[in-house]
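A short worksheet on the structure shown next.
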Amino acid sequence: MGFEQDELLDKGWVVLHTALPLTVVERLRDAIGAHRHALPPSDEVLYTHVAPPPGSLGMAVLMEQWFNAHRRAGPLATGPAVEAARALAGKVLLDAPVLLQDVLMVKHPRHTSFPWHQDFPFWPVDRPAGVILWAPLDPVDQDNGGLVLGTGSHREGIGPAIDLHDGRPQQGHAPILPAEFDEAAVSLAPGDVVMFHPLTWHRSGQNRASLPRRAWSASWLHPSARWSPSRAPRHPLATRLREGDPVGERP
Ligand SMILES: O=C(O)CCC(=O)C(=O)O
């Protein structure tokens with residue numbers, strides 16, 4: 001087992017320094033520029049369990065995001081970065097990783113913070129077997145809205161999908177957070193990657209700097225996982241998936 005998998009299993013997250021070539025970083029920055037020029041940000045994907053509350057301000061107040069640019073062509077495409085990321089995901093999944101989704105993100109100073117949440121509850125997948133790669137495209141720290149991860153929080157089990165506007169569970173349950181955990185605020189340079197477990201609780205603060213904070217994330221599944229649209233019925237993929245099909249067979 002490599003140190004990456006050891007640390008991921010132990011802490012729930014691991015930083016890989018200088019893991020992505022700067023040519024890939026540059027390509028992703030260009031892809032964000034191309035998206036901003038050509039396409040509006042992706043629609044609401046925050047409410048994978050219940051309909052958005054009336055008057056919800058949607059993703060626009062949290063972040064500018066474009067989903068699944070790996071499916072696009074030309075300057076919009078993130079395909080070359082996906083291939084570099086696939087090799088990194090393979091270090092911890094130790095099998096052929098399956099890409100669930102990728103997201104280009106821009107956090108401007110006007111955007112609000114992301115409250116504590118896990119990613120897995122938003123996924124139409126039957127088990128938390130996978131890894132998220134989060135790659136800054138600008139230097140990030142706590143001043144410009146860098147990630148904060150709950151060390152060991154992946155051992156607390158599967159929580160609810162969180163409403164990212166107020167930090168409360170989408171299903172209307174009482175607010176819950178996992179038990180005690182140490183908070184790790186990661187400072188990263190372009191080319192670094194933080195990998196975290198689908199059950200690792202994480203958050204990010206406001207961008208208090210003057211420049212936008214750009215990042216890219218790619219969520220990977222272990223091929224043993226199966227589709228489960230009933231776990232996230234409002235996820236954009238859900239209507240195209242059959243319960244129990246292997247994730248390797250994309251719709
Ligand atoms: O990039 C960020 O600030 C937060 C992203 C995040 O938490 C997520 O996409 O799950």
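Letters A, B, ... go to the chains of the structure tokens in the order shown; residues in each chain start at 1; ligands are counted from 1 in the same order.
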Given a cut-off of 6 Å, what residues near ligand 1 show up using only C-alpha atoms and all ligand atoms, put as a ChimeraX atom specification? /A:119,147,203-204
Could you save the residues just selected, with N, CA, C and O atoms, as an mmCIF file, in the first residue's frame?
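part32.cif, freshly written:
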```cif
data_model
loop_
_atom_site.group_PDB
_atom_site.id
_atom_site.type_symbol
_atom_site.label_atom_id
_atom_site.label_comp_id
_atom_site.auth_asym_id
_atom_site.auth_seq_id
_atom_site.Cartn_x
_atom_site.Cartn_y
_atom_site.Cartn_z
ATOM 1 N N ASP A 119 -19.448 14.595 0.499
ATOM 2 C CA ASP A 119 -19.877 14.543 -0.901
ATOM 3 C C ASP A 119 -20.732 13.314 -1.204
ATOM 4 O O ASP A 119 -21.656 13.378 -2.024
ATOM 5 N N LEU A 147 -9.867 24.959 1.253
ATOM 6 C CA LEU A 147 -10.631 23.878 1.883
ATOM 7 C C LEU A 147 -10.179 23.653 3.326
ATOM 8 O O LEU A 147 -9.006 23.799 3.648
ATOM 9 N N ARG A 203 -15.349 21.820 4.374
ATOM 10 C CA ARG A 203 -16.027 23.103 4.168
ATOM 11 C C ARG A 203 -15.048 24.043 3.495
ATOM 12 O O ARG A 203 -13.853 23.714 3.392
ATOM 13 N N SER A 204 -15.503 25.202 3.060
ATOM 14 C CA SER A 204 -14.561 26.235 2.608
ATOM 15 C C SER A 204 -15.130 27.590 2.978
ATOM 16 O O SER A 204 -16.350 27.783 3.002
#
```
Determine, using only C-alpha atoms, which residues of stretch 7-100 of chain A have any atom at most 8 Å from an atom of stretch 224-238 of chain A, and tabulate each with its shortest atom pair and distance in Å to one decimal place, rows ordered by chain and then rising number, as a Markdown table.
```
| residue | atom | partner | partner_atom | distance |
| --- | --- | --- | --- | --- |
| A:Val45 | CA | A:His235 | CA | 6.9 |
| A:Tyr47 | CA | A:Arg234 | CA | 6.8 |
| A:Thr48 | CA | A:Arg234 | CA | 4.2 |
| A:His49 | CA | A:Arg234 | CA | 5.7 |
| A:Val50 | CA | A:Arg234 | CA | 7.3 |
```
Output N, CA, C and O atoms of each residue in that selection to a file, as a tab-separated table (two decimals), in the first residue's frame.
```
chain	number	residue	atom	x	y	z
A	45	VAL	N	-27.61	22.17	-8.83
A	45	VAL	CA	-27.36	20.74	-8.56
A	45	VAL	C	-27.18	20.53	-7.07
A	45	VAL	O	-26.60	19.54	-6.64
A	47	TYR	N	-29.66	20.39	-4.74
A	47	TYR	CA	-30.73	19.68	-4.03
A	47	TYR	C	-30.96	18.32	-4.66
A	47	TYR	O	-31.80	18.16	-5.53
A	48	THR	N	-30.19	17.33	-4.22
A	48	THR	CA	-30.27	16.00	-4.79
A	48	THR	C	-31.34	15.15	-4.10
A	48	THR	O	-31.57	14.03	-4.49
A	49	HIS	N	-31.98	15.69	-3.05
A	49	HIS	CA	-32.99	14.91	-2.31
A	49	HIS	C	-34.35	15.58	-2.26
A	49	HIS	O	-35.36	14.90	-2.37
A	50	VAL	N	-34.39	16.86	-2.08
A	50	VAL	CA	-35.68	17.57	-2.04
A	50	VAL	C	-35.62	18.74	-3.02
A	50	VAL	O	-34.53	19.18	-3.39
```
Counting only C-alpha atoms, which residues of stretch 3-37 of chain A sit at most 12 Å from some atom of stretch 89-93 of chain A, and what is each one's closest atom pair with its distance in Å to one decimal, listed by chain and rising residue number, as JSON lines?
```
{"residue": "A:Phe3", "atom": "CA", "partner": "A:Val92", "partner_atom": "CA", "distance": 9.0}
{"residue": "A:Glu4", "atom": "CA", "partner": "A:Val92", "partner_atom": "CA", "distance": 6.2}
{"residue": "A:Gln5", "atom": "CA", "partner": "A:Val92", "partner_atom": "CA", "distance": 4.6}
{"residue": "A:Asp6", "atom": "CA", "partner": "A:Val92", "partner_atom": "CA", "distance": 8.4}
{"residue": "A:Glu7", "atom": "CA", "partner": "A:Val92", "partner_atom": "CA", "distance": 9.5}
{"residue": "A:Leu8", "atom": "CA", "partner": "A:Val92", "partner_atom": "CA", "distance": 7.6}
{"residue": "A:Leu9", "atom": "CA", "partner": "A:Val92", "partner_atom": "CA", "distance": 9.1}
{"residue": "A:Gly12", "atom": "CA", "partner": "A:Val92", "partner_atom": "CA", "distance": 11.5}
{"residue": "A:Trp13", "atom": "CA", "partner": "A:Val92", "partner_atom": "CA", "distance": 10.9}
{"residue": "A:Val14", "atom": "CA", "partner": "A:Val92", "partner_atom": "CA", "distance": 10.2}
{"residue": "A:Leu16", "atom": "CA", "partner": "A:Lys91", "partner_atom": "CA", "distance": 11.1}
{"residue": "A:Ala19", "atom": "CA", "partner": "A:Ala89", "partner_atom": "CA", "distance": 11.2}
```
Go ahead and write the residues just picked, C-alpha atoms, as a compact mmCIF listing (two decimals), in the first residue's frame.
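What landed in selection.txt:
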```
# COMPACT_ATOMS: atom_id res chain seq x y z
CA PHE A 3 1.58 6.33 1.52
CA GLU A 4 -1.31 7.93 -0.35
CA GLN A 5 -3.70 5.11 0.48
CA ASP A 6 -2.38 4.79 4.06
CA GLU A 7 -2.97 8.48 4.74
CA LEU A 8 -6.34 8.54 3.00
CA LEU A 9 -7.59 5.62 5.10
CA GLY A 12 -9.58 10.84 5.33
CA TRP A 13 -7.48 13.18 3.21
CA VAL A 14 -3.98 13.47 1.78
CA LEU A 16 -0.03 15.39 -3.03
CA ALA A 19 1.12 16.11 -8.56
```
Show me, as JSON lines, the residues of stretch 133-162 of chain A having an atom within 7 Å of stretch 121-126 of chain A, each with the closest atom pair and its distance in Å, using only C-alpha atoms.
```
{"residue": "A:Gly159", "atom": "CA", "partner": "A:Pro121", "partner_atom": "CA", "distance": 6.8}
{"residue": "A:Pro160", "atom": "CA", "partner": "A:Pro121", "partner_atom": "CA", "distance": 6.0}
{"residue": "A:Ala161", "atom": "CA", "partner": "A:Pro121", "partner_atom": "CA", "distance": 4.8}
```
Generate a file of the selected residues that holds N, CA, C and O atoms, formatted as a PDB file, in the first residue's frame.
```
ATOM      1  N   GLY A 159     -23.604  10.564   6.469  1.00  0.00           N
ATOM      2  CA  GLY A 159     -24.517  11.584   6.985  1.00  0.00           C
ATOM      3  C   GLY A 159     -25.528  11.975   5.922  1.00  0.00           C
ATOM      4  O   GLY A 159     -25.570  11.381   4.841  1.00  0.00           O
ATOM      5  N   PRO A 160     -26.355  12.979   6.214  1.00  0.00           N
ATOM      6  CA  PRO A 160     -27.345  13.436   5.231  1.00  0.00           C
ATOM      7  C   PRO A 160     -26.726  14.355   4.183  1.00  0.00           C
ATOM      8  O   PRO A 160     -25.666  14.938   4.414  1.00  0.00           O
ATOM      9  N   ALA A 161     -27.402  14.484   3.045  1.00  0.00           N
ATOM     10  CA  ALA A 161     -27.017  15.523   2.089  1.00  0.00           C
ATOM     11  C   ALA A 161     -27.347  16.866   2.747  1.00  0.00           C
ATOM     12  O   ALA A 161     -28.443  17.063   3.270  1.00  0.00           O
TER      13      ALA A 161
END
```
Non-local contacts of A:His202 (7 Å; only C-alpha atoms; under 4 positions in same chain excluded) as a list in words: Trp116, His117, Gln118, Leu147, Val148, Leu149 and Gly150 of chain A
What's around A:Glu26 at 12 Å? Count only C-alpha atoms, leave out sequence neighbours fewer than 2 positions away in its own chain, and write the answer as a ChimeraX atom specification. /A:20-24,28-33,75,78,80-81,135-138,190-191,214-216
Residues at most 10 Å from A:Arg86, counting only C-alpha atoms, excluding those fewer than 3 positions away in the same chain, as an mmCIF file with N, CA and C atoms, in the first residue's frame?
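The new file selection19.cif reads:
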```
data_model
loop_
_atom_site.group_PDB
_atom_site.id
_atom_site.type_symbol
_atom_site.label_atom_id
_atom_site.label_comp_id
_atom_site.auth_asym_id
_atom_site.auth_seq_id
_atom_site.Cartn_x
_atom_site.Cartn_y
_atom_site.Cartn_z
ATOM 1 N N ALA A 81 -6.838 16.744 -18.369
ATOM 2 C CA ALA A 81 -6.652 16.764 -16.912
ATOM 3 C C ALA A 81 -7.223 15.498 -16.290
ATOM 4 N N VAL A 82 -8.338 15.023 -16.849
ATOM 5 C CA VAL A 82 -8.957 13.801 -16.326
ATOM 6 C C VAL A 82 -7.970 12.646 -16.399
ATOM 7 N N GLU A 83 -7.235 12.571 -17.496
ATOM 8 C CA GLU A 83 -6.302 11.451 -17.629
ATOM 9 C C GLU A 83 -5.178 11.548 -16.590
ATOM 10 N N ALA A 89 -5.872 9.017 -8.867
ATOM 11 C CA ALA A 89 -6.951 8.286 -8.185
ATOM 12 C C ALA A 89 -6.601 6.805 -8.095
ATOM 13 N N GLY A 90 -5.923 6.288 -9.121
ATOM 14 C CA GLY A 90 -5.533 4.878 -9.135
ATOM 15 C C GLY A 90 -4.563 4.522 -8.011
ATOM 16 N N LYS A 91 -3.831 5.536 -7.512
ATOM 17 C CA LYS A 91 -2.887 5.271 -6.418
ATOM 18 C C LYS A 91 -3.614 4.863 -5.137
ATOM 19 N N ALA A 96 -9.108 0.192 -11.548
ATOM 20 C CA ALA A 96 -9.392 1.179 -12.593
ATOM 21 C C ALA A 96 -10.481 2.142 -12.112
ATOM 22 N N PRO A 97 -10.133 3.388 -11.779
ATOM 23 C CA PRO A 97 -11.142 4.316 -11.252
ATOM 24 C C PRO A 97 -12.149 4.716 -12.345
ATOM 25 N N VAL A 98 -13.402 4.890 -11.938
ATOM 26 C CA VAL A 98 -14.455 5.328 -12.865
ATOM 27 C C VAL A 98 -14.794 6.777 -12.520
ATOM 28 N N LEU A 99 -14.761 7.655 -13.515
ATOM 29 C CA LEU A 99 -15.067 9.070 -13.255
ATOM 30 C C LEU A 99 -16.573 9.249 -13.062
ATOM 31 N N LEU A 133 -10.692 14.305 -5.979
ATOM 32 C CA LEU A 133 -9.448 15.065 -6.172
ATOM 33 C C LEU A 133 -9.831 16.520 -6.331
ATOM 34 N N ALA A 218 -12.466 16.412 -9.386
ATOM 35 C CA ALA A 218 -12.907 15.228 -10.119
ATOM 36 C C ALA A 218 -13.223 14.154 -9.093
ATOM 37 N N SER A 219 -14.421 13.568 -9.198
ATOM 38 C CA SER A 219 -14.875 12.556 -8.231
ATOM 39 C C SER A 219 -14.819 11.195 -8.903
ATOM 40 N N TRP A 220 -14.144 10.265 -8.236
ATOM 41 C CA TRP A 220 -13.875 8.946 -8.811
ATOM 42 C C TRP A 220 -14.531 7.855 -7.979
#
```
Which residue gives the smallest distance to A:Gly146 among A:Ala60, A:Ala69, A:Trp134, A:His222, with only C-alpha atoms counted?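 Under the stated criterion, the closest residue is A:Trp134.
Rounded to one decimal, atom CA of A:Val131 and atom CA of A:Asp95 lie 12.1 Å from each other.
Atom CA of A:Pro52 is positioned 21.6 Å from atom CA of A:Lys107.
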Out of A:Pro41, A:Pro223, A:Gly55, A:Gly152, which residue has the shortest atom-to-atom distance to A:Leu104 when counting only C-alpha atoms?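 Between A:Pro41, A:Pro223, A:Gly55, A:Gly152, the residue approaching A:Leu104 most closely is A:Pro41.
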For a test of reading the model, state the distance in Å between atom CA of A:Ala189 and atom CA of A:Asp10, rounded to one decimal.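 Atom-to-atom, atom CA of A:Ala189 to atom CA of A:Asp10, that is 23.6 Å.
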